[in-house]
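Structure file upload36.txt (compact mmCIF, C-alpha atoms and all ligand atoms) follows.
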# COMPACT_ATOMS: atom_id res chain seq x y z
CA MET A 5 -10.16 39.90 -23.51
CA GLY A 6 -13.36 40.74 -21.71
CA SER A 7 -13.66 43.02 -18.76
CA HIS A 8 -11.79 42.28 -15.57
CA ALA A 9 -15.09 41.61 -13.84
CA GLU A 10 -15.79 38.75 -16.27
CA CYS A 11 -12.28 37.39 -15.84
CA THR A 12 -12.72 37.52 -12.08
CA LYS A 13 -15.91 35.52 -12.42
CA ILE A 14 -14.26 32.89 -14.63
CA LEU A 15 -11.21 32.61 -12.39
CA GLY A 16 -13.52 32.03 -9.45
CA LEU A 17 -11.08 32.57 -6.62
CA GLU A 18 -13.07 33.69 -3.65
CA GLY A 19 -11.82 36.96 -2.20
CA TYR A 20 -9.60 37.86 -5.16
CA ARG A 21 -10.21 39.97 -8.24
CA VAL A 22 -8.40 40.15 -11.56
CA LYS A 23 -6.43 43.32 -12.00
CA GLU A 24 -4.62 42.66 -15.24
CA VAL A 25 -4.36 39.90 -17.86
CA VAL A 26 -1.22 39.64 -19.98
CA PHE A 27 -0.65 37.30 -22.91
CA ASP A 28 2.68 35.61 -22.44
CA GLY A 29 4.66 32.56 -23.43
CA THR A 30 5.54 31.20 -26.86
CA GLU A 31 3.34 30.20 -29.78
CA ASP A 32 3.60 26.53 -28.84
CA HIS A 33 2.99 27.16 -25.17
CA PRO A 34 0.76 30.22 -24.85
CA ARG A 35 0.40 31.48 -21.33
CA LEU A 36 -1.74 33.99 -19.48
CA ARG A 37 -0.24 35.95 -16.64
CA ILE A 38 -3.16 37.00 -14.49
CA ARG A 39 -2.41 39.58 -11.87
CA ILE A 40 -4.83 39.35 -8.97
CA GLU A 41 -5.44 41.32 -5.79
CA ARG A 42 -7.45 40.78 -2.65
CA ARG A 43 -10.81 42.45 -2.46
CA GLY A 44 -12.71 43.62 0.56
CA VAL A 45 -9.41 43.89 2.41
CA ARG A 46 -9.81 44.01 6.16
CA GLY A 47 -6.23 43.60 7.18
CA HIS A 48 -3.81 40.93 6.02
CA PRO A 49 -3.94 37.51 7.64
CA CYS A 50 -0.79 36.17 9.23
CA GLY A 51 0.53 32.98 7.61
CA ARG A 52 0.79 31.11 10.87
CA CYS A 53 -2.05 32.15 13.16
CA GLY A 54 -4.39 33.82 10.66
CA CYS A 55 -4.81 36.98 12.75
CA ARG A 56 -5.38 40.05 10.63
CA THR A 57 -3.07 42.99 10.83
CA TRP A 58 -2.38 46.18 8.92
CA ARG A 59 1.29 46.30 9.74
CA VAL A 60 2.93 45.38 6.45
CA ARG A 61 6.68 45.06 6.37
CA ASP A 62 7.22 44.59 2.63
CA ALA A 63 5.66 42.95 -0.42
CA LYS A 64 6.92 40.88 -3.30
CA ASP A 65 5.40 39.50 -6.52
CA ARG A 66 4.92 35.76 -6.33
CA THR A 67 3.49 33.37 -8.92
CA TRP A 68 1.37 30.24 -8.79
CA ASP A 69 0.45 27.88 -11.60
CA ASP A 70 -3.30 27.46 -11.94
CA LEU A 71 -5.78 25.48 -14.06
CA PRO A 72 -5.38 26.15 -17.79
CA TRP A 73 -7.87 28.38 -19.66
CA ALA A 74 -8.56 26.47 -22.89
CA THR A 75 -5.20 26.40 -24.73
CA TYR A 76 -3.58 28.88 -22.35
CA ARG A 77 -1.53 27.89 -19.34
CA VAL A 78 -2.26 30.20 -16.47
CA THR A 79 0.14 31.86 -14.09
CA LEU A 80 -1.33 33.83 -11.23
CA VAL A 81 0.67 36.81 -10.04
CA TYR A 82 -0.04 38.26 -6.64
CA ARG A 83 1.86 40.78 -4.60
CA GLN A 84 2.21 38.89 -1.37
CA ARG A 85 2.95 40.88 1.74
CA ARG A 86 5.03 40.12 4.77
CA VAL A 87 3.25 41.21 7.89
CA CYS A 88 4.35 41.90 11.44
CA CYS A 89 2.04 39.72 13.49
CA ARG A 90 1.59 40.55 17.16
CA THR A 91 2.16 36.97 18.27
CA CYS A 92 4.27 35.40 15.52
CA GLY A 93 6.57 38.19 14.39
CA ILE A 94 7.32 38.62 10.70
CA ARG A 95 5.31 36.19 8.58
CA THR A 96 4.17 35.95 4.97
CA GLU A 97 0.54 36.70 4.36
CA ARG A 98 -1.85 33.74 4.22
CA ILE A 99 -3.17 32.93 0.73
CA GLY A 100 -6.62 31.43 0.37
CA PHE A 101 -6.06 29.43 -2.79
CA ALA A 102 -2.71 27.74 -2.10
CA ASP A 103 -0.71 26.15 0.69
CA SER A 104 2.18 28.10 2.06
CA LYS A 105 5.34 27.65 0.01
CA ALA A 106 3.43 25.77 -2.72
CA ARG A 107 4.03 26.91 -6.30
CA VAL A 108 0.69 25.63 -7.62
CA THR A 109 -2.82 26.47 -6.50
CA ARG A 110 -4.68 23.97 -4.37
CA ARG A 111 -7.16 23.09 -7.12
CA LEU A 112 -4.35 22.38 -9.60
CA ARG A 113 -2.61 20.33 -6.94
CA GLN A 114 -5.73 18.17 -6.62
CA LEU A 115 -5.86 17.56 -10.37
CA ILE A 116 -2.17 16.71 -10.65
CA GLY A 117 -2.33 14.51 -7.57
CA LEU A 118 -5.34 12.62 -8.87
CA ASP A 119 -3.82 12.14 -12.31
CA CYS A 120 -0.54 10.91 -10.87
CA GLN A 121 -2.42 8.01 -9.30
CA SER A 122 -3.32 6.67 -12.72
CA MET A 123 -0.50 7.91 -14.97
CA PRO A 124 3.24 8.58 -14.69
CA THR A 125 4.24 11.85 -13.07
CA SER A 126 5.93 12.95 -16.30
CA HIS A 127 2.64 12.63 -18.22
CA ALA A 128 0.71 14.61 -15.64
CA ALA A 129 3.43 17.28 -15.74
CA VAL A 130 3.07 17.66 -19.52
CA ARG A 131 -0.70 17.70 -19.26
CA TYR A 132 -0.74 20.68 -16.92
CA GLY A 133 2.33 22.44 -18.34
CA VAL A 134 4.43 22.25 -15.19
CA SER A 135 7.88 20.82 -14.62
CA TRP A 136 8.33 17.26 -13.43
CA GLY A 137 9.58 18.42 -10.05
CA LYS A 138 6.59 20.68 -9.57
CA ALA A 139 4.21 17.87 -10.46
CA ARG A 140 6.01 15.57 -8.04
CA ARG A 141 5.80 18.06 -5.19
CA ALA A 142 2.13 18.66 -5.97
CA GLU A 143 1.45 14.94 -5.85
CA ARG A 144 3.20 14.59 -2.53
CA ALA A 145 1.26 17.52 -1.06
CA PHE A 146 -1.97 16.00 -2.39
CA LEU A 147 -1.26 12.63 -0.78
CA GLN A 148 -0.16 14.22 2.48
CA ALA A 149 -3.31 16.32 2.67
CA TRP A 150 -5.41 13.21 2.06
CA ASP A 151 -3.51 11.17 4.63
CA ALA A 152 -3.85 13.89 7.26
CA THR A 153 -7.64 13.95 6.99
CA ARG A 154 -8.10 10.23 7.47
CA PRO A 155 -9.65 9.04 10.72
CA LYS A 156 -7.52 7.14 13.23
CA ARG A 157 -8.92 3.66 13.22
CA ARG A 158 -8.44 0.98 15.84
CA PRO A 159 -7.57 -2.17 13.90
CA ARG A 160 -8.56 -5.55 15.30
CA HIS A 161 -6.14 -7.54 13.17
CA LEU A 162 -2.76 -6.37 11.97
CA GLY A 163 -0.53 -7.95 9.37
CA ALA A 164 3.27 -7.84 9.42
CA ASP A 165 4.99 -9.13 6.35
CA GLU A 166 8.27 -8.90 4.51
CA ILE A 167 8.53 -7.71 0.94
CA GLN A 168 11.62 -8.18 -1.13
CA ARG A 169 13.28 -4.93 -2.08
CA GLY A 170 15.20 -4.91 -5.33
CA LYS A 171 17.08 -7.95 -6.48
CA GLY A 172 19.40 -8.58 -3.57
CA TYR A 173 18.74 -10.00 -0.16
CA ARG A 174 17.07 -6.83 1.03
CA PHE A 175 13.60 -6.46 2.49
CA TRP A 176 10.92 -4.08 3.62
CA THR A 177 8.77 -4.78 6.63
CA VAL A 178 5.19 -3.80 5.88
CA LEU A 179 2.61 -3.23 8.59
CA SER A 180 -1.02 -3.33 7.49
CA ASP A 181 -4.55 -3.38 8.80
CA VAL A 182 -5.82 -6.67 7.44
CA VAL A 183 -9.47 -6.06 8.32
CA ARG A 184 -9.73 -3.14 5.89
CA GLY A 185 -6.76 -4.14 3.78
CA GLU A 186 -4.71 -0.97 4.17
CA VAL A 187 -0.98 -0.42 4.51
CA TRP A 188 0.00 1.53 7.61
CA GLY A 189 3.75 1.54 7.76
CA LEU A 190 6.92 0.68 5.94
CA ALA A 191 10.37 0.07 7.39
CA ARG A 192 13.69 -1.13 6.10
CA ASP A 193 14.99 -4.64 6.83
CA ARG A 194 13.10 -7.41 8.54
CA THR A 195 14.59 -7.24 11.98
CA GLU A 196 12.92 -7.09 15.36
CA ALA A 197 13.82 -3.40 15.56
CA SER A 198 12.05 -2.56 12.31
CA LEU A 199 8.74 -4.08 13.38
CA THR A 200 9.06 -2.70 16.92
CA GLY A 201 9.56 0.75 15.43
CA LEU A 202 6.55 0.37 13.17
CA LEU A 203 4.27 -0.83 15.95
CA THR A 204 5.20 2.06 18.21
CA GLN A 205 5.22 4.81 15.57
CA CYS A 206 2.18 3.93 13.49
CA LEU A 207 -0.09 3.10 16.42
CA ASP A 208 -0.81 5.06 19.56
CA ALA A 209 -1.53 3.35 22.87
CA ARG A 210 -5.28 3.37 22.25
CA GLN A 211 -4.89 1.71 18.88
CA ARG A 212 -2.42 -0.84 20.21
CA ALA A 213 -4.87 -1.85 22.92
CA ALA A 214 -7.46 -2.70 20.27
CA VAL A 215 -5.26 -5.20 18.42
CA GLU A 216 -6.37 -8.78 19.02
CA GLY A 217 -4.39 -10.69 16.45
CA VAL A 218 -1.31 -10.18 14.32
CA CYS A 219 -1.01 -12.16 11.12
CA THR A 220 2.59 -12.91 10.26
CA ASP A 221 4.89 -15.62 9.01
CA MET A 222 7.06 -17.71 11.31
CA HIS A 223 9.93 -15.23 11.22
CA ARG A 224 11.36 -15.23 14.77
CA PRO A 225 12.26 -11.47 15.00
CA TYR A 226 8.66 -10.55 14.14
CA LEU A 227 7.30 -12.88 16.81
CA ASN A 228 9.62 -11.29 19.37
CA ALA A 229 8.57 -7.79 18.37
CA VAL A 230 4.87 -8.64 18.65
CA ALA A 231 5.37 -10.32 22.02
CA GLN A 232 7.19 -7.25 23.29
CA ILE A 233 4.94 -4.44 22.01
CA LEU A 234 1.55 -6.18 21.88
CA PRO A 235 1.63 -8.68 24.76
CA ASP A 236 -2.16 -9.15 24.65
CA ALA A 237 -2.35 -9.83 20.94
CA GLU A 238 -2.10 -13.32 19.57
CA VAL A 239 -0.01 -14.31 16.58
CA VAL A 240 -1.88 -15.99 13.73
CA PHE A 241 0.37 -17.63 11.16
CA ASP A 242 -0.35 -16.71 7.61
CA LYS A 243 -1.95 -19.68 5.88
CA PHE A 244 -0.09 -18.89 2.68
CA HIS A 245 3.28 -19.14 4.43
CA VAL A 246 2.39 -22.39 6.17
CA LEU A 247 1.27 -23.96 2.90
CA GLN A 248 4.47 -22.72 1.30
CA HIS A 249 6.39 -24.93 3.72
CA ALA A 250 4.11 -27.82 2.77
CA SER A 251 4.82 -27.22 -0.91
CA ALA A 252 8.54 -27.12 -0.20
CA ALA A 253 8.26 -30.51 1.51
CA LEU A 254 6.32 -31.89 -1.46
CA ASP A 255 9.04 -30.59 -3.75
CA GLU A 256 11.64 -32.39 -1.66
CA VAL A 257 9.71 -35.63 -2.08
CA ARG A 258 9.59 -35.07 -5.82
CA ARG A 259 13.32 -34.45 -6.01
CA HIS A 260 14.06 -37.51 -3.91
CA GLU A 261 11.79 -39.72 -6.00
CA PHE A 262 13.24 -38.46 -9.23
CA PHE A 263 16.75 -39.17 -8.01
CA ARG A 264 16.08 -42.92 -7.80
CA ALA A 265 13.46 -43.07 -10.55
CA GLY A 266 13.22 -45.57 -13.39
CA ASP A 267 12.57 -44.89 -17.05
CA VAL A 268 8.77 -44.61 -16.81
CA MET A 269 8.90 -42.10 -13.97
CA ARG A 270 11.56 -40.07 -15.76
CA ALA A 271 9.48 -39.96 -18.93
CA VAL A 272 6.25 -38.93 -17.17
CA GLY A 273 7.74 -36.75 -14.48
CA ARG A 274 9.98 -34.49 -16.51
CA GLY A 275 9.07 -30.81 -16.35
CA LYS A 276 6.18 -31.39 -13.93
CA ARG A 277 7.53 -29.43 -11.01
CA TRP A 278 5.21 -26.45 -11.22
CA LEU A 279 2.23 -28.58 -12.13
CA LEU A 280 2.86 -30.70 -9.06
CA LEU A 281 3.06 -27.68 -6.81
CA ARG A 282 -0.31 -26.38 -7.96
CA ARG A 283 -3.42 -27.14 -5.96
CA TRP A 284 -5.68 -29.81 -7.37
CA ALA A 285 -8.63 -27.43 -7.51
CA THR A 286 -6.77 -25.08 -9.85
CA VAL A 287 -5.65 -27.82 -12.25
CA ARG A 288 -7.98 -28.45 -15.20
CA GLY A 289 -8.47 -30.73 -18.19
CA SER A 290 -5.41 -32.24 -19.81
CA LYS A 291 -3.20 -31.08 -16.96
CA ARG A 292 -5.21 -33.18 -14.56
CA ARG A 293 -4.61 -36.17 -16.80
CA GLU A 294 -0.88 -35.49 -16.76
CA LEU A 295 -0.92 -35.39 -12.98
CA ARG A 296 -2.86 -38.67 -12.83
CA GLU A 297 -0.27 -40.32 -15.08
CA LEU A 298 2.48 -39.06 -12.82
CA PHE A 299 0.71 -40.38 -9.73
CA ALA A 300 0.14 -43.76 -11.40
CA ALA A 301 3.88 -43.97 -12.00
CA ASN A 302 4.79 -43.08 -8.44
CA ARG A 303 2.50 -43.80 -5.50
CA ARG A 304 4.68 -42.11 -2.90
CA LEU A 305 4.48 -38.84 -4.75
CA PHE A 306 0.72 -39.30 -4.87
CA ARG A 307 0.50 -39.83 -1.12
CA ALA A 308 2.65 -36.78 -0.45
CA TYR A 309 0.42 -34.74 -2.75
CA VAL A 310 -2.74 -35.89 -0.99
CA LEU A 311 -1.22 -35.14 2.41
CA ARG A 312 -0.38 -31.65 1.27
CA GLU A 313 -3.90 -31.12 -0.09
CA GLN A 314 -5.42 -32.23 3.20
CA LEU A 315 -3.56 -29.55 5.14
CA ASP A 316 -6.11 -27.04 3.86
CA ARG A 317 -8.49 -28.37 6.46
CA LEU A 318 -6.35 -27.00 9.30
CA TRP A 319 -8.21 -23.72 8.84
CA THR A 320 -11.73 -25.13 8.75
CA TYR A 321 -12.09 -25.99 12.43
CA LYS A 322 -13.72 -23.75 14.99
CA THR A 323 -11.96 -24.97 18.15
CA ARG A 324 -8.32 -25.57 18.94
CA PRO A 325 -8.59 -29.21 20.13
CA ARG A 326 -10.11 -30.13 16.77
CA VAL A 327 -7.19 -28.59 14.93
CA LEU A 328 -4.83 -30.64 17.07
CA ASN A 329 -6.92 -33.78 16.51
CA PHE A 330 -6.79 -33.25 12.79
CA LEU A 331 -3.03 -32.82 12.82
CA LEU A 332 -2.60 -35.98 14.90
CA ALA A 333 -4.78 -37.89 12.47
CA TRP A 334 -2.72 -36.49 9.63
CA PHE A 335 0.39 -37.80 11.42
CA LYS A 336 -1.24 -41.22 11.75
CA ALA A 337 -1.87 -41.36 8.01
CA LEU A 338 1.80 -40.59 7.53
CA ARG A 339 2.94 -43.63 9.48
CA TRP A 340 4.57 -46.45 7.46
CA GLN A 341 4.63 -44.25 4.38
CA ARG A 342 8.39 -43.69 4.58
CA LEU A 343 8.14 -40.04 3.64
CA PRO A 344 10.75 -38.40 5.88
CA GLU A 345 10.21 -35.01 4.24
CA MET A 346 6.53 -35.00 5.17
CA GLU A 347 7.35 -36.22 8.66
CA ARG A 348 9.66 -33.25 9.10
CA LEU A 349 6.84 -31.01 7.88
CA GLY A 350 4.54 -32.59 10.47
CA ASP A 351 7.02 -31.86 13.25
CA PHE A 352 7.29 -28.32 12.02
CA LEU A 353 3.50 -27.90 12.05
CA LEU A 354 3.27 -29.39 15.50
CA THR A 355 5.77 -26.93 16.95
CA HIS A 356 3.80 -24.07 15.39
CA ILE A 357 0.37 -25.42 16.22
CA ASN A 358 -0.44 -22.47 18.50
CA GLY A 359 -0.11 -19.92 15.76
CA ILE A 360 -2.04 -22.07 13.31
CA ALA A 361 -4.86 -22.89 15.73
CA ALA A 362 -5.11 -19.22 16.75
CA TYR A 363 -7.17 -18.85 13.59
CA CYS A 364 -10.09 -20.44 15.48
CA ASP A 365 -10.32 -17.33 17.69
CA HIS A 366 -9.05 -14.72 15.27
CA ALA A 367 -10.39 -15.35 11.80
CA VAL A 368 -7.89 -13.20 9.93
CA ARG A 369 -8.90 -12.69 6.31
CA PHE A 370 -6.01 -14.37 4.52
CA GLY A 371 -7.41 -13.30 1.17
CA VAL A 372 -7.06 -9.66 2.19
CA VAL A 373 -3.47 -10.29 3.30
CA GLU A 374 -2.67 -11.75 -0.11
CA SER A 375 -4.40 -8.99 -2.05
CA VAL A 376 -2.58 -6.31 -0.03
CA ASN A 377 0.71 -8.03 -0.80
CA ALA A 378 -0.14 -8.18 -4.49
CA THR A 379 -1.02 -4.45 -4.52
CA ILE A 380 2.21 -3.57 -2.73
CA LYS A 381 4.27 -5.51 -5.24
CA GLY A 382 2.45 -3.79 -8.11
CA VAL A 383 3.13 -0.31 -6.71
CA ILE A 384 6.79 -1.08 -6.01
CA ARG A 385 7.20 -2.45 -9.53
CA ARG A 386 5.75 0.72 -11.05
CA ALA A 387 7.74 2.96 -8.71
CA ARG A 388 10.99 1.16 -9.40
CA GLY A 389 13.95 3.25 -8.43
CA MET A 390 11.94 5.40 -6.05
CA ARG A 391 14.35 6.29 -3.31
CA ASP A 392 12.00 8.36 -1.19
CA GLU A 393 10.52 5.97 1.34
CA SER A 394 7.96 8.33 2.84
CA PHE A 395 6.61 8.99 -0.65
CA LEU A 396 6.47 5.28 -1.41
CA LEU A 397 4.54 4.75 1.81
CA LEU A 398 2.02 7.44 0.81
CA LYS A 399 1.60 5.75 -2.57
CA LEU A 400 1.09 2.38 -0.89
CA LYS A 401 -1.48 3.83 1.49
CA TRP A 402 -3.41 5.33 -1.39
CA ALA A 403 -3.25 2.16 -3.49
CA THR A 404 -4.43 -0.12 -0.71
CA ALA A 405 -7.01 2.18 0.87
CA ARG A 406 -8.57 2.83 -2.57
CA PRO A 407 -10.26 6.08 -1.53
CA ILE A 408 -11.91 6.54 -4.92
CA ARG A 409 -14.55 3.90 -5.48
CA SER A 410 -17.27 5.93 -7.13
CA ALA A 411 -17.81 9.03 -9.23
CA ARG A 412 -18.89 10.85 -6.08
CA ASP A 413 -15.59 10.10 -4.36
CA TYR A 414 -13.76 11.40 -7.40
CA ALA A 415 -15.78 14.61 -7.43
CA ARG A 416 -15.01 15.14 -3.77
CA PHE A 417 -11.28 14.95 -4.43
CA LEU A 418 -11.55 17.50 -7.23
CA GLY A 419 -12.96 20.04 -4.80
CA ALA A 420 -10.03 20.55 -2.46
CA GLU A 421 -11.98 22.45 0.18
CA SER A 422 -14.41 19.67 1.00
CA LEU A 423 -11.72 17.09 1.60
CA HIS A 424 -13.21 15.13 4.45
CA SER A 425 -12.62 11.60 3.27
CA SER A 426 -14.07 8.79 5.26
CA ARG A 427 -11.66 6.40 3.60
ZN ZN B 501 0.43 35.31 13.60

Using structure tokens, write down the structure that the file contains.
Ligand SMILES: [Zn+2]
Amino acid sequence: MGSHAECTKILGLEGYRVKEVVFDGTEDHPRLRIRIERRGVRGHPCGRCGCRTWRVRDAKDRTWDDLPWATYRVTLVYRQRRVCCRTCGIRTERIGFADSKARVTRRLRQLIGLDCQSMPTSHAAVRYGVSWGKARRAERAFLQAWDATRPKRRPRHLGADEIQRGKGYRFWTVLSDVVRGEVWGLARDRTEASLTGLLTQCLDARQRAAVEGVCTDMHRPYLNAVAQILPDAEVVFDKFHVLQHASAALDEVRRHEFFRAGDVMRAVGRGKRWLLLRRWATVRGSKRRELRELFAANRRLFRAYVLREQLDRLWTYKTRPRVLNFLLAWFKALRWQRLPEMERLGDFLLTHINGIAAYCDHAVRFGVVESVNATIKGVIRRARGMRDESFLLLKLKWATARPIRSARDYARFLGAESLHSSR
């Protein structure tokens, strides 16, 4: 091993010098134990306030895992003091290269944290020669440090949605900023209390005042919570949820028609449920022909399908009266068709016309809402069995905010000191 001066240079910890390097570990897992000490000591900084003092109470060897040197894992050993601070009392000395109580250095934490975003924690743990628990704690610290440096934005449009949790009838309530497509909060259940809690905890008064519209489904507890906490904000119904009701009505028509169908209809219509529920624009080639055959066999199904397709136009108008006019015209087309399921859908739309027409004033980006939901489901699927909700929320925030979009962003995360993310 070269001189300690060279080792100090390679280690590159500002303010510390290498005192001793010991080869350690097994043949399979060689390890270097590097003993370091502070240089240019001008008193020892207190762990809480950072004030320097000479009054040392005691000292103890502590270790930190650091970046590997070629095939060697590295353990840093430093005799950390406990100082008697004038203002704080007895505190451990502040360490420049690691957070207090952390067992890995800050630069290793950044690497593990970054890797954990693209590979399982167990893989990252093997890669850096640390235990799974250590890797997990490093990842959490990494995400927390990132989250703490993010600016407090004032979102114009919020989204409140429910996500199924596990297999049973259990849900999360997810609060997100649908302008930037970022998750903000996560709460159990889908009650009024869960959304009320999210709106008051995740947003301060200044942020709440900036909210103009909240995109949600027609779930009554959510509407109550929004009305109570954000009285000035308007509710915009999620287009996807509204069209889901339309598809359900179309499915009812199909079931009803099939029930009293003749031989031709039975032959053509079998196994067409999912094809029928798809939008015309997404159906191609031979599938379109199948649909046409089905419609030729049953005109009522065709009319119901067309009526469902037309509902898309509800979100193309710029003023509220036009939305209402369109819906009334839609109702008119329904007359004499004897489609009670679609008539019920029409009544449903009419009672919710305010939330649908609110889109004229608050053009919520429904595509962003859908993509956020898809990302959330992906993260929850990968993190199956994760019981720690605060950790899951951090993961969701990272996945939806996508702070790394370029090589430069990535480089910034590798250097822990310059962690001033704008995302
Ligand atoms: Zn102090």

**Report entry** Expected answer as number ranges by chain: residues within 8 Å of ligand ZN 501 (chain B), only C-alpha atoms and all ligand atoms
**Finding:** A: 49-55, 88-93, 95

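Considering the residues A:Arg66, A:Arg61, A:Arg169, A:Arg37 and counting all atoms listed in the file, Arg388 (chain A) has its shortest atom-to-atom contact with A:Arg169.
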
Report task. Measure the distance from CA of Ala142 (chain A) to CA of Trp68 (chain A) in Å and round it to one decimal. Result -> 11.9 Å

**Report entry** Contacts of Lys64 (chain A) within 9 Å, all atoms listed in the file, excl. fewer than 3 positions in-chain, as a PyMOL selection string
**Finding:** chain A and resi 82-86

Query - Long-range neighbours of region 310-315 of chain A as a PyMOL selection string, 9 Å cut-off, all atoms listed in the file, 3 positions minimum in chain - result: chain A and resi 247+250-251+253-254+283-284+305-307+318-319+331+334+337-338+346
